[in-house]
Each structure stands twice: as C-alpha cells, then as structure tokens.
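Asks: Input my_file_14.cif, format and content: mmCIF, C-alpha atoms.
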```cif
data_run
loop_
_atom_site.label_atom_id
_atom_site.label_comp_id
_atom_site.auth_asym_id
_atom_site.auth_seq_id
_atom_site.Cartn_x
_atom_site.Cartn_y
_atom_site.Cartn_z
CA MET A 1 0.00 0.00 0.00
CA TYR A 2 1.26 3.44 -0.86
CA LYS A 3 1.78 5.51 2.29
CA ARG A 4 3.28 8.73 0.93
CA ILE A 5 2.22 9.97 -2.48
CA VAL A 6 3.32 12.98 -4.50
CA VAL A 7 0.46 14.22 -6.68
CA LYS A 8 1.41 16.46 -9.60
CA ILE A 9 -1.24 18.59 -11.29
CA GLY A 10 -0.58 20.20 -14.66
CA SER A 11 -1.61 23.69 -15.72
CA SER A 12 -4.09 22.48 -18.32
CA THR A 13 -5.74 20.27 -15.70
CA ILE A 14 -6.02 22.78 -12.89
CA THR A 15 -7.28 25.54 -15.18
CA ARG A 16 -9.47 23.17 -17.21
CA GLY A 17 -7.65 24.30 -20.35
CA SER A 18 -7.24 28.03 -19.75
CA GLY A 19 -8.01 30.83 -17.36
CA PRO A 20 -7.59 31.00 -13.58
CA PRO A 21 -7.39 27.98 -11.26
CA ASN A 22 -10.76 26.23 -11.40
CA ALA A 23 -12.25 26.57 -7.92
CA GLU A 24 -14.74 23.72 -8.38
CA TYR A 25 -12.02 21.37 -9.58
CA ILE A 26 -9.66 22.27 -6.72
CA SER A 27 -12.50 21.74 -4.24
CA GLN A 28 -13.13 18.26 -5.65
CA LEU A 29 -9.40 17.55 -5.54
CA ALA A 30 -9.23 18.63 -1.90
CA SER A 31 -12.07 16.24 -1.04
CA GLN A 32 -10.22 13.38 -2.74
CA ILE A 33 -7.07 14.20 -0.78
CA MET A 34 -9.01 14.33 2.50
CA ARG A 35 -10.28 10.80 1.84
CA GLN A 36 -6.73 9.61 1.28
CA LYS A 37 -5.64 11.25 4.53
CA GLN A 38 -8.44 9.41 6.32
CA LEU A 39 -6.91 6.18 5.00
CA GLY A 40 -3.65 7.11 6.68
CA ARG A 41 -1.85 8.34 3.56
CA GLN A 42 0.28 11.46 3.28
CA ILE A 43 -0.08 13.65 0.21
CA VAL A 44 2.37 16.16 -1.24
CA LEU A 45 1.05 18.33 -4.06
CA VAL A 46 3.21 19.63 -6.90
CA SER A 47 1.05 22.16 -8.67
CA SER A 48 1.55 24.07 -11.87
CA GLY A 49 -0.72 26.96 -12.81
CA ALA A 50 0.97 30.11 -11.52
CA ILE A 51 1.79 31.55 -14.94
CA ALA A 52 -1.64 30.61 -16.30
CA ALA A 53 -3.33 32.32 -13.34
CA GLY A 54 -1.18 35.40 -13.82
CA MET A 55 -1.99 35.49 -17.52
CA ASP A 56 -5.69 35.45 -16.72
CA ARG A 57 -5.42 38.26 -14.16
CA LEU A 58 -3.41 40.32 -16.64
CA GLN A 59 -5.88 39.47 -19.41
CA LEU A 60 -3.15 37.98 -21.61
CA THR A 61 -4.26 35.64 -24.39
CA GLU A 62 -0.79 34.18 -25.03
CA LYS A 63 2.08 33.21 -22.76
CA PRO A 64 4.65 36.05 -22.76
CA ARG A 65 7.82 35.36 -24.69
CA ASN A 66 9.89 37.85 -22.74
CA LEU A 67 11.45 36.21 -19.69
CA SER A 68 10.78 39.03 -17.24
CA HIS A 69 7.15 39.14 -18.37
CA LYS A 70 6.83 35.40 -17.72
CA GLN A 71 8.28 35.96 -14.28
CA ALA A 72 5.83 38.81 -13.65
CA ALA A 73 2.92 36.58 -14.64
CA ALA A 74 4.21 33.86 -12.32
CA ALA A 75 4.63 36.30 -9.42
CA ILE A 76 1.07 37.56 -9.84
CA GLY A 77 -0.40 34.11 -10.38
CA GLN A 78 1.30 32.25 -7.55
CA GLY A 79 -0.65 34.15 -4.91
CA LEU A 80 -3.89 33.46 -6.73
CA LEU A 81 -3.01 29.78 -7.00
CA MET A 82 -2.33 29.45 -3.28
CA GLU A 83 -5.48 31.42 -2.44
CA ALA A 84 -7.52 28.89 -4.41
CA TYR A 85 -5.93 25.99 -2.54
CA GLU A 86 -6.29 27.69 0.84
CA GLN A 87 -10.00 28.27 0.31
CA ALA A 88 -10.64 24.72 -0.85
CA PHE A 89 -8.75 23.01 1.98
CA SER A 90 -9.92 25.41 4.70
CA TRP A 91 -13.46 24.07 4.29
CA LEU A 92 -12.04 20.69 5.30
CA SER A 93 -10.00 22.15 8.18
CA ILE A 94 -6.76 21.13 6.46
CA PRO A 95 -3.92 23.69 6.48
CA VAL A 96 -1.77 24.13 3.39
CA ALA A 97 1.86 25.20 3.05
CA GLN A 98 3.57 26.84 0.09
CA ILE A 99 7.01 25.58 -0.94
CA LEU A 100 8.78 27.23 -3.88
CA LEU A 101 11.87 25.46 -5.15
CA THR A 102 14.55 26.21 -7.72
CA ARG A 103 17.02 23.83 -9.31
CA GLU A 104 19.69 25.20 -6.97
CA ASP A 105 17.66 23.97 -4.00
CA ILE A 106 17.89 20.46 -5.42
CA GLN A 107 21.53 20.70 -6.53
CA ASP A 108 22.84 21.90 -3.17
CA ARG A 109 23.01 18.89 -0.87
CA GLN A 110 22.32 20.85 2.34
CA ARG A 111 19.33 22.69 0.88
CA TYR A 112 18.06 19.39 -0.54
CA VAL A 113 18.15 17.81 2.92
CA ARG A 114 16.54 20.86 4.53
CA ALA A 115 13.72 20.85 2.00
CA SER A 116 13.12 17.19 2.80
CA GLY A 117 13.03 17.92 6.52
CA THR A 118 10.64 20.84 6.08
CA ILE A 119 8.19 18.75 4.06
CA ASP A 120 8.38 15.98 6.68
CA ALA A 121 7.51 18.53 9.38
CA ILE A 122 4.58 19.92 7.37
CA LEU A 123 3.20 16.41 6.91
CA HIS A 124 3.69 15.76 10.64
CA TYR A 125 1.28 18.61 11.36
CA GLY A 126 -1.30 17.13 9.03
CA ALA A 127 -0.92 19.93 6.49
CA ILE A 128 -0.63 19.64 2.70
CA PRO A 129 2.67 20.84 1.22
CA ILE A 130 2.02 22.54 -2.13
CA VAL A 131 5.20 22.69 -4.18
CA ASN A 132 5.85 24.72 -7.30
CA GLU A 133 8.83 25.94 -9.27
CA ASN A 134 9.91 29.39 -8.13
CA ASP A 135 9.29 30.78 -11.61
CA THR A 136 9.94 34.37 -10.58
CA ILE A 137 13.68 33.66 -10.28
CA ALA A 138 14.27 30.21 -11.84
CA VAL A 139 15.45 31.38 -15.25
CA ASP A 140 16.44 27.97 -16.62
CA GLU A 141 13.24 26.31 -15.46
CA ILE A 142 10.98 28.83 -17.19
CA LYS A 143 12.90 28.48 -20.43
CA PHE A 144 13.42 24.73 -20.44
CA GLY A 145 11.94 23.17 -17.32
CA ASP A 146 8.77 21.31 -16.45
CA ASN A 147 7.00 20.34 -13.25
CA ASP A 148 6.99 16.65 -14.15
CA THR A 149 10.73 16.56 -13.46
CA LEU A 150 10.26 18.69 -10.36
CA ALA A 151 7.60 16.26 -9.11
CA ALA A 152 9.92 13.29 -9.62
CA LEU A 153 12.69 15.02 -7.66
CA VAL A 154 10.22 15.92 -4.90
CA ALA A 155 9.20 12.27 -4.79
CA THR A 156 12.83 11.24 -4.32
CA LEU A 157 13.66 13.84 -1.66
CA THR A 158 10.51 13.03 0.34
CA ASP A 159 11.06 9.27 0.05
CA ALA A 160 7.60 8.85 -1.44
CA ASP A 161 6.13 5.48 -2.40
CA ALA A 162 4.44 6.76 -5.54
CA LEU A 163 4.21 9.72 -7.90
CA LEU A 164 0.77 10.34 -9.40
CA ILE A 165 0.80 12.67 -12.41
CA LEU A 166 -2.65 14.09 -13.12
CA SER A 167 -2.78 15.31 -16.69
CA ASP A 168 -5.15 15.87 -19.58
CA VAL A 169 -4.41 12.38 -20.91
CA ASP A 170 -5.57 8.99 -19.60
CA GLY A 171 -2.08 7.50 -19.63
CA LEU A 172 0.38 6.04 -22.13
CA TYR A 173 -1.10 4.58 -25.32
CA ASP A 174 0.38 2.17 -27.84
CA GLU A 175 -0.39 4.79 -30.52
CA ASN A 176 -1.35 8.45 -30.54
CA PRO A 177 -5.07 8.41 -29.62
CA ASN A 178 -5.55 11.73 -31.44
CA ASP A 179 -4.51 10.05 -34.68
CA ASN A 180 -5.96 6.61 -34.04
CA PRO A 181 -9.23 6.32 -32.05
CA LYS A 182 -8.53 2.61 -31.64
CA ALA A 183 -5.27 3.22 -29.77
CA LYS A 184 -5.04 1.11 -26.62
CA LEU A 185 -4.09 2.32 -23.17
CA ILE A 186 -1.04 0.56 -21.70
CA PRO A 187 -2.00 -0.24 -18.09
CA VAL A 188 1.43 -1.34 -16.84
CA VAL A 189 4.99 -0.52 -17.93
CA ALA A 190 7.51 -2.87 -16.33
CA LYS A 191 10.58 -1.20 -17.82
CA ILE A 192 11.14 2.06 -19.67
CA ASP A 193 13.11 1.16 -22.78
CA ARG A 194 13.50 2.79 -26.18
CA ALA A 195 10.23 1.29 -27.42
CA ILE A 196 8.37 3.00 -24.57
CA GLU A 197 10.20 6.27 -25.17
CA ARG A 198 9.19 6.23 -28.83
CA LEU A 199 5.54 6.21 -27.79
CA ALA A 200 5.94 9.65 -26.21
CA GLY A 201 4.73 12.61 -28.26
CA GLY A 202 5.50 16.29 -28.01
CA VAL A 203 4.16 19.00 -25.72
CA GLY A 204 0.53 18.34 -24.95
CA SER A 205 -1.01 21.80 -24.58
CA LYS A 206 -0.44 25.50 -25.13
CA ILE A 207 -0.79 26.24 -21.42
CA GLY A 208 1.49 23.56 -19.96
CA SER A 209 5.22 23.10 -20.52
CA GLY A 210 5.36 19.30 -20.43
CA GLY A 211 4.20 16.43 -22.62
CA MET A 212 4.43 12.64 -22.43
CA LYS A 213 8.21 12.79 -22.91
CA THR A 214 8.67 14.69 -19.66
CA LYS A 215 6.32 12.33 -17.85
CA ILE A 216 8.27 9.28 -18.97
CA ALA A 217 11.51 11.01 -17.96
CA ALA A 218 9.99 11.61 -14.53
CA ALA A 219 8.91 7.96 -14.34
CA ARG A 220 12.50 6.87 -15.09
CA ILE A 221 13.84 8.94 -12.20
CA CYS A 222 11.25 7.46 -9.86
CA ALA A 223 11.71 3.89 -11.09
CA SER A 224 15.44 4.06 -10.42
CA SER A 225 14.64 5.27 -6.90
CA GLY A 226 12.18 2.46 -6.16
CA ILE A 227 9.14 4.72 -6.58
CA ALA A 228 6.09 3.84 -8.67
CA THR A 229 4.73 6.39 -11.15
CA ILE A 230 1.14 6.61 -12.32
CA ILE A 231 -0.09 8.80 -15.17
CA ALA A 232 -3.85 9.36 -15.23
CA SER A 233 -6.46 11.86 -16.36
CA GLY A 234 -7.00 14.56 -13.76
CA ASN A 235 -10.49 15.10 -15.15
CA ARG A 236 -11.66 11.66 -14.09
CA GLU A 237 -13.93 11.49 -11.05
CA ASN A 238 -12.22 9.99 -7.99
CA VAL A 239 -9.04 9.67 -10.03
CA ILE A 240 -6.69 9.59 -7.03
CA GLU A 241 -8.39 6.60 -5.44
CA GLU A 242 -8.79 4.74 -8.72
CA ALA A 243 -5.23 5.43 -9.87
CA LEU A 244 -3.72 4.25 -6.58
CA GLU A 245 -5.78 1.06 -6.87
CA ALA A 246 -4.59 0.56 -10.49
CA LYS A 247 -8.13 0.95 -11.85
CA THR A 248 -7.17 3.73 -14.26
CA GLY A 249 -4.12 5.21 -15.93
CA THR A 250 -0.69 3.76 -16.65
CA VAL A 251 1.52 2.44 -13.85
CA PHE A 252 5.29 2.51 -14.30
CA LEU A 253 6.69 -0.10 -11.95
CA PRO A 254 9.67 0.73 -9.72
CA LYS A 255 12.86 -1.28 -9.66
CA LYS A 256 12.77 -3.95 -6.99
CA GLU A 257 16.52 -4.50 -7.05
CA HIS A 258 19.30 -1.90 -7.15
CA ALA A 259 16.85 0.89 -6.31
CA LEU A 260 18.64 4.06 -5.26
CA ARG A 261 18.19 5.20 -1.71
CA SER A 262 18.61 8.46 0.13
CA ARG A 263 21.95 10.10 -0.67
CA LYS A 264 22.49 8.14 -3.89
CA ARG A 265 19.24 9.53 -5.29
CA TRP A 266 20.69 12.99 -4.93
CA ILE A 267 23.96 11.88 -6.52
CA ALA A 268 22.12 10.42 -9.53
CA PHE A 269 19.50 13.08 -10.12
CA GLY A 270 19.79 16.04 -7.78
CA GLY A 271 23.24 17.49 -8.22
CA GLN A 272 24.78 19.35 -11.13
CA PRO A 273 27.86 17.57 -12.60
CA LYS A 274 30.95 19.77 -12.93
CA GLY A 275 32.66 17.57 -15.51
CA ASP A 276 32.78 14.07 -16.93
CA ILE A 277 35.01 11.01 -16.84
CA LEU A 278 35.25 8.52 -19.69
CA VAL A 279 36.00 4.98 -18.51
CA ASN A 280 36.99 1.80 -20.33
CA ASP A 281 34.66 -1.15 -20.81
CA GLY A 282 36.23 -3.10 -17.96
CA ALA A 283 35.65 -0.32 -15.45
CA ARG A 284 32.10 0.19 -16.69
CA SER A 285 31.34 -3.51 -16.21
CA GLN A 286 32.86 -3.53 -12.73
CA ILE A 287 30.79 -0.51 -11.70
CA ILE A 288 27.49 -1.74 -13.16
CA LYS A 289 27.67 -5.49 -12.54
CA GLY A 290 30.08 -5.66 -9.64
CA GLY A 291 29.09 -2.56 -7.70
CA LYS A 292 32.76 -1.60 -7.53
CA SER A 293 34.47 1.75 -7.07
CA LEU A 294 36.07 3.58 -9.98
CA LEU A 295 39.85 3.24 -9.86
CA PRO A 296 42.26 5.52 -11.75
CA ALA A 297 43.27 2.56 -13.93
CA GLY A 298 39.83 2.49 -15.50
CA ILE A 299 39.81 6.15 -16.55
CA VAL A 300 40.41 6.92 -20.22
CA SER A 301 39.92 10.69 -20.24
CA VAL A 302 38.78 13.59 -18.04
CA ARG A 303 36.90 16.71 -19.10
CA GLY A 304 35.88 19.79 -17.13
CA ASP A 305 37.37 21.82 -14.32
CA PHE A 306 36.37 20.40 -10.95
CA VAL A 307 37.74 19.94 -7.46
CA SER A 308 37.69 17.09 -5.00
CA SER A 309 34.15 16.36 -3.69
CA ASP A 310 32.50 17.71 -6.85
CA LEU A 311 29.91 15.68 -8.72
CA VAL A 312 30.82 14.34 -12.18
CA ASP A 313 29.22 12.28 -14.94
CA ILE A 314 30.70 8.86 -15.75
CA MET A 315 30.50 7.76 -19.39
CA GLY A 316 31.23 4.52 -21.22
CA SER A 317 32.96 4.09 -24.57
CA ASP A 318 29.60 4.70 -26.28
CA GLY A 319 29.60 8.25 -24.91
CA LEU A 320 26.48 7.67 -22.81
CA VAL A 321 26.36 8.68 -19.15
CA PHE A 322 25.62 5.61 -17.05
CA ALA A 323 26.48 6.92 -13.58
CA GLN A 324 27.37 9.97 -11.52
CA GLY A 325 29.71 10.19 -8.60
CA ILE A 326 31.58 12.40 -6.16
CA VAL A 327 35.29 12.51 -6.97
CA ASN A 328 38.18 12.11 -4.52
CA TYR A 329 40.57 14.09 -6.73
CA ASP A 330 40.40 17.31 -8.74
CA SER A 331 40.39 17.23 -12.53
CA ALA A 332 44.08 18.14 -12.88
CA SER A 333 45.11 15.28 -10.61
CA LEU A 334 42.86 12.76 -12.35
CA ILE A 335 44.39 13.67 -15.69
CA LYS A 336 47.82 12.83 -14.26
CA ILE A 337 46.79 9.48 -12.72
CA LYS A 338 44.29 8.24 -15.33
CA GLY A 339 45.15 4.74 -16.50
CA LYS A 340 47.55 4.25 -13.59
CA ARG A 341 47.45 1.74 -10.74
CA SER A 342 46.39 3.00 -7.32
CA GLY A 343 49.85 2.14 -5.98
CA GLU A 344 51.35 4.77 -8.29
CA ILE A 345 49.22 7.70 -7.06
CA LEU A 346 51.56 8.82 -4.27
CA LYS A 347 54.60 8.81 -6.57
CA ILE A 348 52.82 10.77 -9.30
CA LEU A 349 50.99 13.35 -7.17
CA GLY A 350 53.19 13.49 -4.09
CA GLU A 351 50.15 12.79 -1.93
CA LYS A 352 47.32 10.29 -1.84
CA ASN A 353 43.72 11.01 -0.82
CA SER A 354 42.34 7.59 -1.68
CA ASP A 355 42.94 4.48 -3.76
CA GLU A 356 39.70 5.22 -5.61
CA ALA A 357 38.91 8.02 -8.02
CA ILE A 358 35.29 7.61 -6.92
CA HIS A 359 34.33 5.32 -4.05
CA ARG A 360 31.32 3.08 -4.63
CA ASP A 361 29.51 4.69 -1.68
CA ASN A 362 29.67 7.99 -3.59
CA LEU A 363 28.63 6.53 -6.95
CA ALA A 364 25.11 6.06 -8.29
CA LEU A 365 23.91 4.38 -11.47
CA LYS A 366 21.46 6.27 -13.64
CA PHE A 367 18.24 4.91 -15.09
CA ASP A 368 18.51 1.46 -16.67
CA SER A 369 22.25 0.91 -16.41
CA VAL A 370 21.59 -2.11 -14.21
CA LYS A 371 20.45 -5.03 -16.36
#
```
Could you quickly redo this structure as structure tokens?
Replies:
Amino acid sequence: MYKRIVVKIGSSTITRGSGPPNAEYISQLASQIMRQKQLGRQIVLVSSGAIAAGMDRLQLTEKPRNLSHKQAAAAIGQGLLMEAYEQAFSWLSIPVAQILLTREDIQDRQRYVRASGTIDAILHYGAIPIVNENDTIAVDEIKFGDNDTLAALVATLTDADALLILSDVDGLYDENPNDNPKAKLIPVVAKIDRAIERLAGGVGSKIGSGGMKTKIAAARICASSGIATIIASGNRENVIEEALEAKTGTVFLPKKEHALRSRKRWIAFGGQPKGDILVNDGARSQIIKGGKSLLPAGIVSVRGDFVSSDLVDIMGSDGLVFAQGIVNYDSASLIKIKGKRSGEILKILGEKNSDEAIHRDNLALKFDSVK
C-alpha cells in the first residue's frame, strides 16, 4: 500500500484548459485528498498553474515570450493559486503550506536535505505541502523546465512510495489516440526502454510546458529510486483513489533490485555535474555489474574543471552517461593518474587522498544501467 504519495497537477488540468485555477475542480481535488488522509496516507502536491493564473489576471491571451514578463505573470499568479488551494482546503480544516523550489535547492546537498526535513515537518502537522517551481527567479526552469521533473525530484527527496501525475491524458497509449481512435491504453509498464520512449509525443497543450516525454523522464527517475509512477487523467472522477488502486491510468513499476536510496538519489539526479570522466569497458562492467568503485586505472579521459568532492558524470565508450559520482581528486590530478594503478598515485601526485577516483559509496547508477 502506498503511504506517501506525491500528486502532480498540470496547468491544463487545474485551469481546465485556460483561465484561472478552477475553484470547483480544486475543491473536488481537496475532497479526494481528504479521503486519502483518512486512509492514513500522506499527500504532497506539486502544482503548476501560476503563470496561467497570472496570464488570466493580466488578461493575456498568449504566454509572454519575454522572460521578465513570464516571471511577472508567475509572481502575480502564484498568490492566486495558493489562495484557491487555501480556500478549498480550509473548508475541510486542512492547512496548506507553500514551498517554492529552484534547481539550486535540489543541486545543493544541504538545501536538498533541509527541504526534505521541512516537508516531513509539514506532513507531521497534518498539512498539505504545495510545491511549485519558483518561476519568478528560476530562469532555466521557465525556459526549459517542467513540473513533471520537479515532481519526480520531490518524490525522491521526500522518500515517497508513488508519484501520481494528473494530466489531460488517460495514460500512455500504444499509438497516438488523437490520430488513431482505436489506440489502446497501456495499463502497466515494467521497464522504460527505447520502445516506450518512442511512444511519447510532443508538448501536450499550449498552457502547460510538459508532454508525455517529460512524464516518462519523470517515471524513469522514480523507477530508479524504487518509486512507482502513475499517469492518469485529472479530469476523471475519484481519479486519485482509482489510480492508486490501479483501476485507471498507466503504472510505471519501480525497480525492486538496485533501487537508489537516500543520498544516492541525490547523486544520480539532484546534483549538477561539474565535468565528466570517460572509462573503459572493464571499469564500466565492474561498476554496473560488480558494484565496484572507480579506480584511476579504469579512466580513459577527463573533461571539465572540478575539485575534490565535486559531482561528475561517468561515461562509457559509447559516450552515454551511465552513472554519476563524487570525486576524490580534482580534474588536474585525475588527468595525471588516469590509466595508472592506485599504488602509483603517491609517486605521481606526491600525496594520496584515496585508492579510488570515486568510491562506490559515492557513486550512483542512472536509469537502466543495471540489467
């Protein structure tokens, strides 16, 4: 049974296509969440809709292209969004809490841990944390980001059991249902492979910033962390209950083995790599299949300018990133000792921090590296 669930609501769902947050819909959503709380579940909301609400208040018919104007719309709309949630939940005597995050909050390990602790405390008091991107200052997220990814990262930092993405689609289909009315809904996805990725289309609506591609990317993050992901239509009555009971939507199953936990989730998905290390096939196999550390002997090349304790990408000979890790040596030192045995480190550098370039405790595999 899922105990802690992150529920993500898209802009097109919460606004019913356009305009301000739909009060009737939010009220129905609040009632669904109350029923889940009565069952002993904890709910964290990740809600889009700030820019859409701001656009409506400003009487804009199109999303602004200018960055500062997008930020202005978000600043105006965020208050309206929270007001709508406060009114809906206050009728049920449930307090709500606003949490605005930026990518930096996820990338910085201390802020990541503090955010996790704050959400735990909010849930302890029986309140509903309502998370959104801090669009007024998060430049990169407004230009390229999406709340599906944010929701997946919130699920990992809160140690959730499931991520439920409420959208304007029923789930993942074997074909585009807009092109083929006979397309069939896929109820369960055991593994996200290239065939599944090819089923994802483009951006789904003019209001939202995410499509099926971003939802599958979010599901991959959660699956690697041992968290189930469910995509379902937010317009369906009692969708939360039915989705959690697998009666509607598409369920992406989590990994049962090799699931990332706690700190390794942050290493794999939270931090921002400062460089990359290319390793040989032997080292890649030892890391993936043997769970071993990365030794200098396995390093082929080093790129980037980083210091000890920075996060880096680890790539195989195919050029694909299969892991991330925290290095024991800076980039200049790794260039000098790459391809060398650990016993030669002291002679080459004049000092020795560790036998490993990256210790296995500070190394996390990404996505489906584990076969």
Asks: On this file, the PyMOL selection byres ((chain A and resi 280-293) around 9) gives some set of residues; write that set as a list in words.
Replies: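 Selection result, ordered by chain and number: Leu278, Val279, Leu294, Leu295, Ala297, Gly298, Ile299, Val300, Ile314, Met315, Gly316, Ser317, Phe322, Ala323, Glu356, Ala357, Ile358, His359, Arg360, Asp361, Asn362, Leu363, Leu365, Ser369, Val370 and Lys371 of chain A.
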Asks: Save out the residues we just selected, C-alpha atoms, as a short mmCIF file (atom, residue, chain, number, x, y, z; two decimals), in the coordinates of the input.
Replies:
```cif
data_model
loop_
_atom_site.label_atom_id
_atom_site.label_comp_id
_atom_site.auth_asym_id
_atom_site.auth_seq_id
_atom_site.Cartn_x
_atom_site.Cartn_y
_atom_site.Cartn_z
CA LEU A 278 35.25 8.52 -19.69
CA VAL A 279 36.00 4.98 -18.51
CA LEU A 294 36.07 3.58 -9.98
CA LEU A 295 39.85 3.24 -9.86
CA ALA A 297 43.27 2.56 -13.93
CA GLY A 298 39.83 2.49 -15.50
CA ILE A 299 39.81 6.15 -16.55
CA VAL A 300 40.41 6.92 -20.22
CA ILE A 314 30.70 8.86 -15.75
CA MET A 315 30.50 7.76 -19.39
CA GLY A 316 31.23 4.52 -21.22
CA SER A 317 32.96 4.09 -24.57
CA PHE A 322 25.62 5.61 -17.05
CA ALA A 323 26.48 6.92 -13.58
CA GLU A 356 39.70 5.22 -5.61
CA ALA A 357 38.91 8.02 -8.02
CA ILE A 358 35.29 7.61 -6.92
CA HIS A 359 34.33 5.32 -4.05
CA ARG A 360 31.32 3.08 -4.63
CA ASP A 361 29.51 4.69 -1.68
CA ASN A 362 29.67 7.99 -3.59
CA LEU A 363 28.63 6.53 -6.95
CA LEU A 365 23.91 4.38 -11.47
CA SER A 369 22.25 0.91 -16.41
CA VAL A 370 21.59 -2.11 -14.21
CA LYS A 371 20.45 -5.03 -16.36
#
```
Asks: Pick the closest to A:Ser309 from A:Ile94, A:Val239, A:Ile267, A:Leu45: which is it, counting all atoms listed in the file?
Replies: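 Residue with the minimum atom-to-atom distance to A:Ser309: A:Ile267.
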Asks: Which neighbours of A:Gly270 fall inside 8 Å, counting all atoms listed in the file, when residues of the same chain fewer than 2 positions from it are skipped, and could you give them as a VMD selection string?
Replies: chain A and resid 106 to 107 153 265 to 268 272
Asks: Separation of atom CA of A:Ala218 and atom CA of A:Ser116, in Å?
Replies: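 So the answer is 18.5 Å.
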Asks: Written as a list in words, which residues does the PyMOL selection byres ((chain A and resi 60) around 12) give for the file shown?
Replies: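 Against this file, the PyMOL selection byres ((chain A and resi 60) around 12) returns the residues Ser18, Gly19, Pro20, Ile51, Ala52, Ala53, Gly54, Met55, Asp56, Arg57, Leu58, Gln59, Thr61, Glu62, Lys63, Pro64, Arg65, His69, Lys70, Ala73 and Ile207 of chain A.
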